[in-house]
file data-v9.txt (compact mmCIF, C-alpha atoms)
# COMPACT_ATOMS: atom_id res chain seq x y z
CA MET A 1 179.31 -150.88 38.91
CA SER A 2 177.65 -148.15 36.83
CA THR A 3 180.94 -146.34 36.02
CA PRO A 4 183.92 -148.34 34.70
CA VAL A 5 187.02 -147.94 36.83
CA LYS A 6 189.82 -146.75 34.55
CA ARG A 7 191.71 -144.17 36.62
CA VAL A 8 192.82 -145.19 40.10
CA GLY A 9 194.69 -143.19 42.73
CA LEU A 10 196.77 -144.99 45.37
CA TYR A 11 197.37 -143.02 48.56
CA LEU A 12 200.68 -143.90 50.20
CA ASP A 13 202.48 -142.40 53.22
CA ALA A 14 205.79 -141.89 51.43
CA SER A 15 207.84 -139.10 49.89
CA PHE A 16 208.77 -138.84 46.23
CA ARG A 17 210.86 -136.43 44.24
CA ARG A 18 211.18 -135.68 40.55
CA SER A 19 214.38 -135.50 38.58
CA SER A 20 215.62 -132.02 37.69
CA ASP A 21 213.91 -132.15 34.29
CA GLY A 22 210.62 -133.37 35.81
CA GLY A 23 210.71 -136.49 33.69
CA GLU A 24 211.26 -139.06 36.39
CA VAL A 25 209.65 -139.68 39.75
CA THR A 26 211.68 -141.48 42.37
CA LEU A 27 210.77 -143.11 45.67
CA TYR A 28 213.21 -142.45 48.48
CA ARG A 29 212.11 -145.00 51.06
CA GLY A 30 213.78 -148.09 49.67
CA ALA A 31 213.03 -151.50 51.05
CA GLY A 32 209.35 -151.70 52.03
CA ASP A 33 207.66 -149.17 49.79
CA PHE A 34 209.85 -149.90 46.78
CA GLY A 35 208.72 -153.51 46.78
CA PHE A 36 205.11 -152.51 47.22
CA MET A 37 205.40 -150.09 44.28
CA ILE A 38 206.38 -153.00 42.01
CA PHE A 39 203.22 -154.81 43.11
CA ALA A 40 201.12 -151.64 42.70
CA ALA A 41 202.43 -151.23 39.16
CA ALA A 42 201.30 -154.78 38.38
CA VAL A 43 197.84 -153.92 39.71
CA GLY A 44 197.86 -150.68 37.72
CA ARG A 45 198.34 -152.51 34.42
CA HIS A 46 194.70 -153.58 34.69
CA PHE A 47 193.56 -149.95 34.51
CA GLY A 48 194.08 -147.05 32.17
CA ARG A 49 196.21 -145.32 34.80
CA LEU A 50 197.29 -145.79 38.40
CA SER A 51 198.62 -142.64 40.09
CA VAL A 52 200.43 -142.50 43.41
CA ILE A 53 199.04 -139.81 45.74
CA ALA A 54 201.91 -138.91 48.04
CA ARG A 55 204.19 -136.16 49.37
CA GLU A 56 206.61 -134.55 46.95
CA THR A 57 210.02 -133.31 48.07
CA ASP A 58 212.95 -131.65 46.31
CA ASP A 59 215.51 -132.97 48.81
CA GLU A 60 218.14 -134.69 46.68
CA LYS A 61 219.81 -136.15 49.80
CA GLU A 62 217.04 -138.71 50.07
CA SER A 63 218.08 -142.06 48.63
CA PRO A 64 215.85 -142.68 45.60
CA ASN A 65 214.62 -145.71 43.70
CA ALA A 66 212.97 -145.27 40.33
CA LEU A 67 209.19 -145.50 40.31
CA PRO A 68 208.20 -148.57 38.26
CA PRO A 69 206.86 -147.94 34.75
CA GLY A 70 203.13 -147.37 34.52
CA LEU A 71 202.80 -145.20 37.64
CA ASP A 72 202.79 -141.43 37.94
CA LEU A 73 202.62 -139.02 40.88
CA ILE A 74 199.86 -136.79 42.17
CA PRO A 75 201.91 -134.57 44.50
CA LEU A 76 200.87 -133.54 48.00
CA PRO A 77 202.58 -130.95 50.22
CA TYR A 78 205.67 -132.23 51.96
CA TYR A 79 206.25 -132.90 55.65
CA PRO A 80 209.08 -135.08 57.02
CA SER A 81 206.96 -137.52 59.04
CA LEU A 82 203.94 -137.70 61.32
CA ARG A 83 206.28 -137.20 64.28
CA ASN A 84 206.74 -133.61 63.11
CA VAL A 85 203.27 -132.57 64.23
CA GLY A 86 203.76 -128.88 63.52
CA ARG A 87 204.75 -129.48 59.90
CA VAL A 88 201.86 -131.92 59.44
CA LEU A 89 199.33 -129.38 60.74
CA MET A 90 200.77 -126.66 58.52
CA ALA A 91 200.58 -128.94 55.47
CA THR A 92 197.08 -130.31 56.15
CA PRO A 93 194.94 -127.50 54.59
CA ARG A 94 196.96 -127.55 51.36
CA THR A 95 196.95 -131.38 51.44
CA LEU A 96 193.17 -131.49 51.62
CA GLY A 97 192.93 -129.03 48.73
CA ALA A 98 195.29 -131.13 46.63
CA MET A 99 193.37 -134.30 47.48
CA TRP A 100 190.03 -132.70 46.62
CA GLY A 101 191.35 -131.62 43.23
CA ALA A 102 192.99 -134.98 42.51
CA ILE A 103 189.84 -136.96 43.21
CA SER A 104 187.94 -135.18 40.43
CA ASP A 105 190.14 -136.89 37.83
CA LEU A 106 189.86 -140.38 39.35
CA ASP A 107 187.30 -143.17 39.21
CA ALA A 108 188.54 -144.92 42.36
CA VAL A 109 190.86 -144.27 45.28
CA TRP A 110 192.88 -147.03 46.97
CA VAL A 111 193.73 -145.66 50.41
CA THR A 112 196.55 -147.06 52.55
CA GLY A 113 195.93 -146.98 56.29
CA VAL A 114 196.08 -146.52 59.06
CA HIS A 115 196.97 -142.86 58.53
CA PRO A 116 195.13 -139.65 59.49
CA LEU A 117 195.42 -138.07 56.04
CA GLY A 118 194.43 -141.38 54.46
CA LEU A 119 191.29 -141.31 56.59
CA LEU A 120 190.52 -137.79 55.39
CA LEU A 121 191.09 -138.81 51.76
CA ALA A 122 188.67 -141.72 52.16
CA ILE A 123 186.03 -139.33 53.49
CA LEU A 124 186.65 -136.84 50.66
CA GLY A 125 186.39 -139.66 48.13
CA ARG A 126 183.00 -140.66 49.48
CA MET A 127 181.86 -137.04 49.45
CA ARG A 128 182.72 -136.89 45.75
CA ARG A 129 180.91 -140.20 45.16
CA LYS A 130 184.01 -142.06 44.04
CA ARG A 131 184.75 -145.71 44.68
CA VAL A 132 186.96 -145.87 47.77
CA VAL A 133 188.87 -149.06 48.63
CA LEU A 134 190.93 -149.32 51.82
CA LEU A 135 194.33 -150.99 51.98
CA ILE A 136 195.59 -152.30 55.35
CA ARG A 137 199.10 -153.73 55.21
CA GLN A 138 199.78 -154.49 58.89
CA ASP A 139 198.48 -154.66 62.45
CA SER A 140 199.27 -151.01 63.17
CA PRO A 141 198.93 -150.99 66.99
CA ARG A 142 201.28 -153.96 67.31
CA TYR A 143 203.69 -152.50 64.76
CA PHE A 144 203.91 -149.09 66.43
CA LYS A 145 204.16 -150.66 69.87
CA HIS A 146 207.39 -152.38 68.85
CA ARG A 147 208.72 -149.15 67.34
CA ALA A 148 207.76 -146.89 70.25
CA HIS A 149 210.63 -145.31 72.17
CA GLY A 150 210.39 -143.37 75.42
CA ILE A 151 207.63 -141.04 76.51
CA LEU A 152 206.94 -139.73 72.99
CA GLY A 153 206.38 -143.27 71.78
CA LEU A 154 203.92 -143.93 74.60
CA LEU A 155 202.08 -140.68 73.87
CA ALA A 156 201.69 -141.72 70.24
CA MET A 157 199.88 -144.97 71.06
CA PRO A 158 196.41 -143.56 71.89
CA PRO A 159 196.15 -141.80 68.48
CA VAL A 160 197.32 -145.00 66.78
CA PHE A 161 194.61 -147.03 68.53
CA ALA A 162 192.02 -144.37 67.64
CA LEU A 163 193.02 -144.38 63.97
CA ASP A 164 193.03 -148.16 63.88
CA PHE A 165 189.52 -148.20 65.33
CA ALA A 166 188.35 -145.60 62.80
CA PHE A 167 189.67 -147.63 59.87
CA ARG A 168 188.12 -150.83 61.19
CA MET A 169 184.75 -149.11 61.51
CA LEU A 170 185.08 -147.54 58.06
CA SER A 171 185.95 -150.91 56.56
CA ARG A 172 182.47 -152.15 57.47
CA ARG A 173 181.11 -149.70 54.88
CA LEU A 174 183.90 -149.69 52.31
CA PRO A 175 185.56 -152.49 50.32
CA THR A 176 188.86 -153.30 52.00
CA THR A 177 192.02 -155.12 50.94
CA VAL A 178 194.15 -156.50 53.77
CA VAL A 179 197.58 -158.16 53.72
CA GLY A 180 197.54 -161.49 55.52
CA ALA A 181 195.12 -163.63 57.47
CA HIS A 182 195.88 -162.10 60.87
CA VAL A 183 194.96 -158.59 59.63
CA ALA A 184 191.93 -159.99 57.84
CA GLU A 185 190.74 -161.47 61.12
CA ARG A 186 191.10 -158.10 62.90
CA TYR A 187 188.95 -156.58 60.16
CA GLY A 188 186.14 -159.08 60.50
CA ALA A 189 186.93 -161.72 57.89
CA PRO A 190 185.33 -163.52 56.30
CA ARG A 191 182.95 -161.05 54.69
CA ALA A 192 182.03 -160.14 51.13
CA ASN A 193 183.64 -156.68 50.97
CA LEU A 194 187.02 -157.76 52.34
CA LEU A 195 189.84 -159.28 50.29
CA GLU A 196 192.84 -160.95 51.89
CA MET A 197 195.88 -160.47 49.68
CA HIS A 198 199.61 -161.19 49.70
CA ILE A 199 202.36 -159.08 48.18
CA ASN A 200 204.57 -161.37 46.14
CA LEU A 201 206.96 -159.83 43.62
CA LEU A 202 207.92 -163.09 41.93
CA GLY A 203 206.30 -163.80 38.61
CA ALA A 204 205.63 -167.28 37.33
CA GLY A 205 208.83 -167.05 35.27
CA ASP A 206 210.90 -166.18 38.34
CA LEU A 207 210.14 -169.40 40.22
CA VAL A 208 212.81 -172.06 40.29
CA SER A 209 211.92 -175.31 38.56
CA ARG A 210 212.71 -177.51 41.57
CA PRO A 211 213.43 -177.15 45.29
CA SER A 212 216.94 -176.25 46.37
CA GLU A 213 219.47 -179.06 46.05
CA ALA A 214 222.30 -177.24 47.86
CA ASP A 215 225.02 -179.33 49.48
CA TRP A 216 224.72 -179.04 53.27
CA SER A 217 227.79 -181.16 53.99
CA GLU A 218 230.11 -178.17 53.64
CA ARG A 219 229.64 -174.48 54.55
CA VAL A 220 225.96 -173.53 54.89
CA GLU A 221 224.88 -170.11 53.63
CA LEU A 222 221.94 -168.64 55.54
CA LEU A 223 220.09 -165.63 54.16
CA THR A 224 217.77 -163.02 55.60
CA VAL A 225 216.40 -159.95 53.83
CA GLY A 226 214.83 -156.91 55.44
CA ARG A 227 215.40 -153.61 57.12
CA ILE A 228 217.92 -153.84 59.97
CA ASP A 229 215.65 -152.18 62.49
CA ARG A 230 214.25 -152.87 65.92
CA GLU A 231 211.14 -154.80 64.86
CA LYS A 232 213.27 -157.16 62.74
CA ASN A 233 215.23 -158.09 65.90
CA PRO A 234 218.72 -158.08 64.38
CA MET A 235 220.46 -158.13 67.77
CA LEU A 236 219.35 -161.77 68.10
CA VAL A 237 221.82 -162.64 65.34
CA PRO A 238 224.98 -162.59 67.50
CA ASP A 239 223.42 -165.08 69.93
CA VAL A 240 222.39 -167.39 67.08
CA LEU A 241 225.75 -167.22 65.34
CA GLU A 242 227.56 -167.86 68.61
CA ARG A 243 225.48 -170.97 69.27
CA LEU A 244 225.95 -172.27 65.72
CA GLU A 245 229.71 -171.74 65.88
CA ARG A 246 229.93 -173.53 69.20
CA ARG A 247 228.05 -176.60 67.90
CA ALA A 248 229.32 -176.69 64.31
CA PRO A 249 232.53 -174.63 64.05
CA GLY A 250 233.08 -172.96 60.69
CA ARG A 251 229.97 -174.46 59.10
CA PHE A 252 227.46 -171.57 59.06
CA HIS A 253 227.52 -168.09 57.54
CA LEU A 254 224.67 -165.53 57.48
CA THR A 255 224.10 -162.77 54.94
CA TRP A 256 221.62 -160.06 55.94
CA VAL A 257 220.57 -158.02 52.91
CA GLY A 258 219.23 -154.66 54.03
CA GLU A 259 220.06 -151.40 55.72
CA GLY A 260 218.86 -149.61 58.82
CA PRO A 261 219.85 -147.94 62.08
CA LEU A 262 220.95 -151.19 63.74
CA ALA A 263 223.30 -152.29 60.97
CA ALA A 264 226.38 -150.75 62.60
CA PRO A 265 225.55 -151.94 66.15
CA LEU A 266 224.94 -155.44 64.79
CA ALA A 267 228.29 -155.54 63.00
CA GLN A 268 230.07 -154.20 66.08
CA GLU A 269 228.52 -156.77 68.40
CA VAL A 270 229.31 -159.66 66.08
CA ALA A 271 232.91 -158.43 65.79
CA ARG A 272 233.16 -158.02 69.58
CA ARG A 273 232.34 -161.72 69.96
CA GLY A 274 234.96 -162.71 67.42
CA LEU A 275 232.36 -163.80 64.85
CA ALA A 276 232.88 -161.17 62.14
CA ASP A 277 233.68 -163.81 59.50
CA LEU A 278 230.26 -165.39 60.02
CA LEU A 279 228.18 -162.35 59.01
CA THR A 280 228.02 -160.32 55.80
CA LEU A 281 226.02 -157.09 55.53
CA PRO A 282 225.97 -156.09 51.83
CA GLY A 283 223.44 -153.30 52.36
CA TYR A 284 220.17 -152.71 50.55
CA VAL A 285 219.63 -154.66 47.32
CA PRO A 286 216.42 -153.77 45.45
CA PHE A 287 214.24 -156.52 44.11
CA GLY A 288 215.65 -157.74 40.83
CA PRO A 289 218.13 -160.21 39.35
CA GLU A 290 220.85 -159.56 41.96
CA LEU A 291 218.51 -160.19 44.88
CA ILE A 292 216.95 -163.23 43.23
CA GLU A 293 220.44 -164.68 42.72
CA ARG A 294 221.21 -164.20 46.42
CA TYR A 295 218.15 -166.30 47.25
CA ARG A 296 219.16 -169.01 44.82
CA SER A 297 222.71 -169.13 46.20
CA ALA A 298 221.51 -169.67 49.78
CA HIS A 299 220.89 -172.93 51.58
CA ALA A 300 218.08 -171.66 53.82
CA PHE A 301 216.18 -168.49 54.65
CA VAL A 302 215.96 -167.23 58.24
CA HIS A 303 213.44 -164.62 59.40
CA ILE A 304 213.58 -163.53 63.06
CA ALA A 305 211.26 -160.52 63.29
CA LEU A 306 209.45 -159.43 66.45
CA THR A 307 206.39 -158.24 64.56
CA GLU A 308 205.31 -158.78 60.97
CA GLY A 309 202.50 -158.51 58.53
CA VAL A 310 203.05 -160.97 55.72
CA PRO A 311 206.58 -160.20 54.56
CA GLN A 312 207.06 -160.40 50.81
CA VAL A 313 210.53 -161.85 51.45
CA LEU A 314 208.90 -165.09 52.57
CA PHE A 315 207.33 -165.50 49.14
CA GLU A 316 210.66 -164.65 47.50
CA ALA A 317 212.31 -167.38 49.59
CA MET A 318 209.53 -169.87 48.89
CA GLY A 319 209.70 -169.14 45.17
CA SER A 320 213.43 -169.83 45.33
CA GLY A 321 212.74 -173.31 46.71
CA LEU A 322 214.42 -172.67 50.07
CA PRO A 323 213.65 -174.28 53.43
CA ILE A 324 212.64 -171.54 55.86
CA VAL A 325 213.02 -170.88 59.58
CA ALA A 326 210.81 -168.01 60.78
CA THR A 327 209.46 -166.58 64.01
CA ASP A 328 205.78 -167.21 64.63
CA VAL A 329 204.55 -163.59 64.62
CA GLY A 330 201.84 -161.72 62.74
CA GLY A 331 200.86 -163.39 59.50
CA VAL A 332 203.97 -165.52 59.12
CA ALA A 333 202.39 -168.82 60.16
CA ALA A 334 199.42 -168.36 57.84
CA ALA A 335 201.67 -167.39 54.94
CA LEU A 336 204.03 -170.33 55.39
CA GLY A 337 201.55 -173.02 56.29
CA GLU A 338 203.64 -176.22 56.47
CA ALA A 339 206.36 -174.78 54.25
CA GLY A 340 208.68 -173.71 57.08
CA LEU A 341 209.81 -174.27 60.64
CA LEU A 342 208.23 -171.80 63.07
CA VAL A 343 210.02 -170.71 66.24
CA PRO A 344 209.09 -168.32 69.08
CA PRO A 345 210.31 -164.72 68.82
CA GLU A 346 213.32 -163.64 70.88
CA ASP A 347 214.49 -167.24 71.33
CA PRO A 348 218.00 -167.73 69.91
CA GLU A 349 218.14 -171.33 71.09
CA ALA A 350 214.99 -172.22 69.17
CA VAL A 351 216.34 -170.54 66.01
CA THR A 352 219.65 -172.37 66.38
CA ALA A 353 217.96 -175.73 66.95
CA ALA A 354 215.75 -175.27 63.88
CA ILE A 355 218.74 -174.44 61.65
CA LEU A 356 220.67 -177.45 62.95
CA ARG A 357 217.64 -179.65 62.41
CA LEU A 358 217.57 -178.61 58.74
CA ARG A 359 221.24 -179.54 58.43
CA GLU A 360 220.70 -182.95 60.00
CA GLU A 361 217.43 -183.91 58.24
CA PRO A 362 217.69 -183.77 54.42
CA ASP A 363 214.21 -185.25 53.98
CA LEU A 364 212.76 -182.44 56.08
CA ARG A 365 214.64 -179.82 54.04
CA ARG A 366 213.34 -181.32 50.82
CA SER A 367 209.77 -181.56 52.09
CA LEU A 368 209.69 -177.97 53.34
CA ALA A 369 211.24 -176.59 50.17
CA THR A 370 208.81 -178.56 47.97
CA ARG A 371 205.80 -177.21 49.87
CA ALA A 372 207.26 -173.70 49.77
CA LEU A 373 207.68 -173.76 46.01
CA GLU A 374 204.17 -175.12 45.50
CA ARG A 375 202.75 -172.37 47.72
CA ALA A 376 204.66 -169.62 45.92
CA GLY A 377 203.39 -170.94 42.60
CA ARG A 378 199.80 -170.40 43.70
CA GLU A 379 200.35 -166.73 44.60
CA THR A 380 202.55 -165.11 41.97
CA ILE A 381 202.52 -161.39 41.24
CA GLU A 382 200.33 -162.10 38.22
CA SER A 383 197.64 -164.02 40.11
CA GLU A 384 197.59 -161.68 43.12
CA SER A 385 197.51 -158.47 41.07
CA ASP A 386 194.66 -159.93 38.99
CA ARG A 387 192.64 -160.60 42.14
CA VAL A 388 193.31 -157.17 43.64
CA ALA A 389 192.51 -155.29 40.43
CA ALA A 390 189.21 -157.16 40.07
CA PHE A 391 188.33 -156.26 43.66
CA ILE A 392 189.17 -152.58 43.14
CA ARG A 393 186.97 -152.55 40.04
CA GLY A 394 184.16 -154.13 42.01
CA ASP A 395 183.79 -157.14 39.73
CA GLY A 396 180.90 -159.28 40.85
CA GLU A 397 179.30 -156.61 43.02
CA ALA A 398 175.63 -155.94 42.61
call {"tool": "encode", "arguments": {"input": "data-v9.txt", "output": "structure tokens"}}
result
Amino acid sequence: MSTPVKRVGLYLDASFRRSSDGGEVTLYRGAGDFGFMIFAAAVGRHFGRLSVIARETDDEKESPNALPPGLDLIPLPYYPSLRNVGRVLMATPRTLGAMWGAISDLDAVWVTGVHPLGLLLAILGRMRRKRVVLLIRQDSPRYFKHRAHGILGLLAMPPVFALDFAFRMLSRRLPTTVVGAHVAERYGAPRANLLEMHINLLGAGDLVSRPSEADWSERVELLTVGRIDREKNPMLVPDVLERLERRAPGRFHLTWVGEGPLAAPLAQEVARRGLADLLTLPGYVPFGPELIERYRSAHAFVHIALTEGVPQVLFEAMGSGLPIVATDVGGVAAALGEAGLLVPPEDPEAVTAAILRLREEPDLRRSLATRALERAGRETIESESDRVAAFIRGDGEA
């Protein structure tokens, strides 16, 4: 590259707000974007500056998490969400002006898709002859299909497919980072200007020294971590807990760390079946010592999503030396390899059988956990952020 890349802007579809004195920037959307911001900060350490290009709000009711050190905010006009089409259209002219001005101070732009304003930013970046790198974190059509509700959800699908097609075509011309093998395949991997990456927040020092040696002869603590929302399929939990209690009374307990619109319905349904003592919902716990300790205190990790990219929680579980049961969706199989038991989605019997198999086969537990820990050790936050930063810089390009 003729111009060194020192100043990078990351476009993200999220809302931030500053503290009253303007000295702190906080991210309101907790679970998914907060974890990604930790990874982005690790990437940013390879540059002089990494700035987040995103909406700014002054709504103090939004639940904030502190932006990791090393990142700052390039503010865009606020709108609540893409579902509020009128507000988006009103904000678009000012958004484009803010983007155009921001680009002048940057050497490269890392653009998260698929998003209409992200597409416009990529075009503006090319117009200003900046290095533009795309970032695709999920199979958007599949993701939105599982989130679609009613007629409005159906009406939203054609624009989603159109945007997805536009980003896939643009990726043929622009360097592109993608999360997981299944997304990489959709974007034409393998090819020179495409990097498959994984978002792992565990550093080399966070990995346990040996696979879990938890005692499965007494009460077994199962753990899952993620937003309690439709695509994570939380309403499968009552069926699984009911089956486990029937076959091994009093032996299994599940903790689901996270928050979301289905948290209350889940708790109500479990209580209705008389299983309230088998489920704990502690709410959202940000990545850090408390969450890591929850992993290390568990016997096994269970992931029952309907649709997924490559969830960072799998790497957190692997790095904690846990055996894993996960639904075979999205990039889960490629991420786990032979480090977990895969089951079909929406199949409580298969999930139950896999958990019971772990209880009954200690050699299998040990083998899975050993492979998981080895896999996590190859893809720490240090190694992955190094690879991504080098790709954004264009190292090795002619």
call {"tool": "atom_distance", "arguments": {"input": "data-v9.txt", "atom1": "CA of Ser51 (chain A)", "atom2": "CA of Glu397 (chain A)"}}
result
24.0 Å
call {"tool": "axis_aligned_box", "arguments": {"input": "data-v9.txt", "around": "region 287-299 of chain A", "padding_each_side": "4 Å", "output": "JSON"}}
result
{"center_x": 218.5, "center_y": -164.7, "center_z": 45.5, "size_x": 16.5, "size_y": 24.4, "size_z": 20.2}
call {"tool": "closest_residue", "arguments": {"input": "data-v9.txt", "among": "A:Ala335, A:Leu121, A:Leu266, A:Arg173", "to": "Gly97 (chain A)", "atoms": "all atoms listed in the file"}}
result
A:Leu121
call {"tool": "residues_around", "arguments": {"input": "data-v9.txt", "residues": "Ala181 (chain A)", "least_positions_apart": "4", "cutoff": "8 Å", "atoms": "all atoms listed in the file", "output": "JSON list (two decimals) with C-alpha atoms, in the frame of the given file"}}
result
[["chain", "number", "residue", "atom", "x", "y", "z"],
["A", 185, "GLU", "CA", 190.74, -161.47, 61.12],
["A", 196, "GLU", "CA", 192.84, -160.95, 51.89],
["A", 331, "GLY", "CA", 200.86, -163.39, 59.50],
["A", 334, "ALA", "CA", 199.42, -168.36, 57.84],
["A", 335, "ALA", "CA", 201.67, -167.39, 54.94]]
call {"tool": "atom_distance", "arguments": {"input": "data-v9.txt", "atom1": "CA of Arg246 (chain A)", "atom2": "CA of Ala354 (chain A)"}}
result
15.2 Å
call {"tool": "closest_residue", "arguments": {"input": "data-v9.txt", "among": "A:Gln268, A:Thr380, A:Gln138, A:Ser212", "to": "Glu316 (chain A)", "atoms": "all atoms listed in the file"}}
result
A:Thr380
call {"tool": "atom_distance", "arguments": {"input": "data-v9.txt", "atom1": "CA of Leu322 (chain A)", "atom2": "CA of Ala339 (chain A)"}}
result
9.3 Å
call {"tool": "residues_around", "arguments": {"input": "data-v9.txt", "residues": "Glu338 (chain A)", "least_positions_apart": "2", "cutoff": "10 Å", "atoms": "only C-alpha atoms", "output": "PyMOL selection string"}}
result
chain A and resi 333-336+340-342+367-369+371-372+375
call {"tool": "closest_residue", "arguments": {"input": "data-v9.txt", "among": "A:Val109, A:Val332, A:Ala162, A:Val183", "to": "Leu10 (chain A)", "atoms": "all atoms listed in the file"}}
result
A:Val109
